[in-house]
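Please read the structure below before turning to the comments.
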Amino acid sequence: MQIRDGFIGTIGETPLIRLRRASEETGCTILGKAEFLNPGGSVKDRAAWAIVKDAENKDLLKPGGVIVEGTAGNTGIGLALVGRARGYHTVIVIPETQSQEKKDMLRLCGADLREVPAVPYKNPQNYVHVSQRLADELAQTHEAGAIWANQFDNVANRQGHYETTGPEIWEQTEGKVDGFTCSVGTGGTLAGVAMALKERNPKVRTALSDPAGSALHHYYAHGSLKSEGTSITEGIGQGRVTKNLEGMPLDTSYTIPDSESLPVAFELLEHEGLCMGGSTGVNVAGAIRLAREMGPGHTIVTVLCDFGTRYQSKLYNPAFLREKELPVPNWLQE
Ligand code: PMP
């Protein structure tokens with residue numbers, strides 16, 4: 001019988017989808033790892049389980065314990081569902097600017113949701129620091145204890161991708177992958193996959209696809225952290241080198257504005273029936289750039305992170321897009 005064991009057994013082993021238009025445009029084979037098909041609906045289910053598994057193995061989580069995390073949403077959804085499946089509570093701290101859809105989903109999953117103002121990392125009220133303080137407090141006061149998932153600097157996150165996403169891509173392409181790119185939130189996906197692929201073939205070209213407003217492109221291209229512009233994409237963009245990014249084998253990096261990534265996301269829906277979130281637009285736009293740089297005939301892999309329905313009120317909302325002076329999908333034009 002072919003049966004997967006519950007929520008956790010359903011994480012991973014996602015298909016690799018050939019992206020027709022991107023492939024035709026570049027003469028390469030551009031493939032998207034369908035992470036939106038994970039049971040919690042995003043690539044972050046892998047990190048959530050990797051972090052919880054690591055905490056269980058280290059005896060840090062006890063039955064009925066609390067998982068606390070600061071997250072743009074998807075990690076929180078993954079943690080809340082892993083928590084349900086394994087018997088833990090979750091407390092999620094989220095910047096109030098994140099989409100209503102993700103907040104609603106978190107409440108629906110039973111997470112104790114705390115919204116905080118979106119302030120920079122250096123401010124003590126930043127969601128990451130608030131979540132750390134809450135975890136410390138609950139570790140003292142909650143009878144079954146608490147852990148801070150700490151997705152940005154807990155390398156169990158990239159280890160999960162190193163052990164699963166990377167090897168899956170290698171096997172699914174029968175070792176024929178020539179290039180890999182994706183954007184960075186924590187860096188778990190890019191670093192974990194890059195490490196796994198480079199270990200199998202050092203010639204695999206690895207690239208960062210960074211949204212506008214993130215400081216990482218400048219860091220990898222010029223050696224210092226500097227951000228320019230803004231982006232409506234969520235869950236990606238980073239102002240510092242997280243522990244998950246440390247030592248990542250990276251060959252090149254691109255900065256991708258919304259004016260480039262949004263049309264790519266809209267085309268995926270219009271012509272291929274793939275309804276994706278904004279970070280997927282950045283990733284596929286990055287894969288197209290990498291394909292152009294490497295030339296025809298190469299196999300380039302990227303990540304399809306989550307469903308567009310998580311961003312209906314923004315990315316697929318003509319009024320919102322017009323207000324931001326961004327392109328509107330053809331079929332949503334009045
Ligand atoms: N896309 C989306 C929609 C996300 O939520 C995230 C994680 N915050 C990422 C991409 C980036 O993944 P990672 O944290 O592994 O860098």
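Chain labels follow the order of the structure tokens: the first chain is A, the next B, and so on; residue numbering restarts at 1 in every chain, and ligands are counted from 1 in their shown order.
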*Check which residues fall inside 10 Å of ligand 1 when counting only C-alpha atoms and all ligand atoms, and print them as a ChimeraX atom specification.*
/A:35-36,41-47,71-77,102,151-152,157-158,160-161,182-193,233-238,242,244-245,276-283,303-308,310-311
*Using backbone DSSP assignments, extract all strand (DSSP E or B) residues from region 57-278 of chain A; output them as JSON, numbers by chain.*
{"A": [66, 67, 68, 69, 70, 89, 90, 91, 92, 93, 94, 95, 112, 113, 114, 115, 116, 146, 147, 148, 179, 180, 181, 182, 205, 206, 207, 208, 209, 210, 211, 252, 253, 254, 255, 256, 276]}
Would you save the residues from that selection as a compact mmCIF listing (two decimals), in the first residue's frame, using N, CA and C atoms?
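Output file again_38.txt follows:
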# COMPACT_ATOMS: atom_id res chain seq x y z
N VAL A 66 5.25 24.25 24.58
CA VAL A 66 4.88 25.35 23.69
C VAL A 66 6.02 25.63 22.71
N ILE A 67 5.63 25.83 21.44
CA ILE A 67 6.59 26.27 20.43
C ILE A 67 6.31 27.75 20.18
N VAL A 68 7.32 28.59 20.35
CA VAL A 68 7.14 30.03 20.14
C VAL A 68 7.99 30.45 18.94
N GLU A 69 7.41 31.28 18.06
CA GLU A 69 8.19 31.72 16.91
C GLU A 69 7.74 33.06 16.38
N GLY A 70 8.68 33.81 15.85
CA GLY A 70 8.38 35.02 15.11
C GLY A 70 8.43 34.67 13.64
N HIS A 89 1.50 23.21 21.86
CA HIS A 89 0.85 24.50 21.60
C HIS A 89 1.79 25.38 20.79
N THR A 90 1.23 26.35 20.08
CA THR A 90 2.11 27.29 19.38
C THR A 90 1.70 28.73 19.68
N VAL A 91 2.70 29.55 19.90
CA VAL A 91 2.51 30.99 20.06
C VAL A 91 3.28 31.66 18.93
N ILE A 92 2.56 32.43 18.12
CA ILE A 92 3.17 33.00 16.92
C ILE A 92 3.15 34.53 16.98
N VAL A 93 4.32 35.13 16.79
CA VAL A 93 4.44 36.59 16.74
C VAL A 93 4.63 36.99 15.28
N ILE A 94 3.74 37.84 14.78
CA ILE A 94 3.76 38.17 13.34
C ILE A 94 3.73 39.70 13.16
N PRO A 95 4.53 40.23 12.20
CA PRO A 95 4.41 41.67 11.91
C PRO A 95 3.02 41.95 11.33
N ASP A 112 -1.78 30.75 19.03
CA ASP A 112 -2.00 31.96 19.82
C ASP A 112 -1.23 33.07 19.09
N LEU A 113 -1.98 33.93 18.36
CA LEU A 113 -1.36 34.88 17.44
C LEU A 113 -1.16 36.24 18.10
N ARG A 114 0.07 36.74 18.06
CA ARG A 114 0.36 38.07 18.61
C ARG A 114 0.88 38.95 17.48
N GLU A 115 0.10 39.98 17.12
CA GLU A 115 0.54 40.90 16.06
C GLU A 115 1.36 42.03 16.66
N VAL A 116 2.46 42.35 16.00
CA VAL A 116 3.32 43.45 16.48
C VAL A 116 3.62 44.39 15.31
N ALA A 146 8.74 25.51 27.17
CA ALA A 146 8.59 26.15 25.86
C ALA A 146 9.93 26.19 25.14
N ILE A 147 9.87 26.18 23.82
CA ILE A 147 11.09 26.40 23.03
C ILE A 147 10.88 27.59 22.09
N TRP A 148 11.98 28.23 21.74
CA TRP A 148 11.97 29.27 20.70
C TRP A 148 12.48 28.60 19.43
N GLY A 179 21.85 24.22 -12.44
CA GLY A 179 21.78 25.45 -11.67
C GLY A 179 20.61 25.42 -10.71
N PHE A 180 20.76 26.12 -9.58
CA PHE A 180 19.67 26.23 -8.61
C PHE A 180 19.62 27.66 -8.11
N THR A 181 18.41 28.22 -8.02
CA THR A 181 18.26 29.54 -7.43
C THR A 181 16.96 29.63 -6.64
N CYS A 182 16.97 30.43 -5.59
CA CYS A 182 15.73 30.83 -4.92
C CYS A 182 16.01 32.07 -4.08
N ARG A 205 25.62 25.47 -10.53
CA ARG A 205 25.73 26.91 -10.27
C ARG A 205 24.60 27.35 -9.33
N THR A 206 24.97 28.00 -8.22
CA THR A 206 23.97 28.41 -7.23
C THR A 206 23.83 29.92 -7.23
N ALA A 207 22.59 30.38 -7.18
CA ALA A 207 22.33 31.82 -7.29
C ALA A 207 21.27 32.26 -6.29
N LEU A 208 21.48 33.45 -5.73
CA LEU A 208 20.46 34.08 -4.89
C LEU A 208 19.57 34.95 -5.77
N SER A 209 18.25 34.81 -5.64
CA SER A 209 17.30 35.73 -6.29
C SER A 209 16.70 36.57 -5.18
N ASP A 210 17.15 37.79 -5.07
CA ASP A 210 16.79 38.64 -3.93
C ASP A 210 15.74 39.67 -4.34
N PRO A 211 14.68 39.86 -3.53
CA PRO A 211 13.71 40.91 -3.88
C PRO A 211 14.28 42.29 -3.58
N THR A 252 26.49 33.29 -7.60
CA THR A 252 26.07 34.58 -8.15
C THR A 252 24.78 35.04 -7.48
N SER A 253 24.44 36.31 -7.69
CA SER A 253 23.19 36.79 -7.10
C SER A 253 22.54 37.84 -7.98
N TYR A 254 21.21 37.93 -7.89
CA TYR A 254 20.43 38.90 -8.67
C TYR A 254 19.52 39.66 -7.73
N THR A 255 19.23 40.91 -8.08
CA THR A 255 18.18 41.63 -7.37
C THR A 255 17.00 41.76 -8.33
N ILE A 256 15.83 41.35 -7.86
CA ILE A 256 14.67 41.24 -8.76
C ILE A 256 13.56 42.18 -8.28
N MET A 276 0.42 31.12 -7.80
CA MET A 276 1.52 31.15 -6.83
C MET A 276 1.62 32.49 -6.11
*asked:* Please report the interatomic distance between CA of Glu272 (chain A) and CA of Glu24 (chain A) in Å with one decimal.
replied: 12.7 Å
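CA of Gly32 (chain A) is positioned 24.0 Å from CA of Leu79 (chain A).
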With only C-alpha atoms as the counted atoms, please give the residues lying no more than 8 Å from Tyr316 (chain A), apart from itself and same-chain residues fewer than 4 positions off, as a short mmCIF file (atom, residue, chain, number, x, y, z; two decimals) with C-alpha atoms, in the first residue's frame.
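Result saved to out.cif:
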data_model
loop_
_atom_site.label_atom_id
_atom_site.label_comp_id
_atom_site.auth_asym_id
_atom_site.auth_seq_id
_atom_site.Cartn_x
_atom_site.Cartn_y
_atom_site.Cartn_z
CA GLY A 308 -1.40 32.70 -4.48
CA TYR A 311 -2.13 36.79 -0.97
CA GLN A 312 -5.51 37.35 -2.64
CA LEU A 321 -1.64 46.84 -7.16
CA VAL A 328 -2.29 44.20 -12.79
CA PRO A 329 -3.08 40.74 -14.25
CA LEU A 332 -8.40 41.16 -13.39
#
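When the distance limit is 10 Å and only C-alpha atoms are what count, the residues near Tyr88 (chain A), minus those fewer than 2 positions from it on the same chain, are Val52, Leu61, Lys62, Pro63, Gly64, Gly65, Val66, Ile67, Leu79, Ala80, Leu81, Val82, Gly83, Arg84, Ala85, Arg86, Thr90, Ala144 and Ala146 of chain A.
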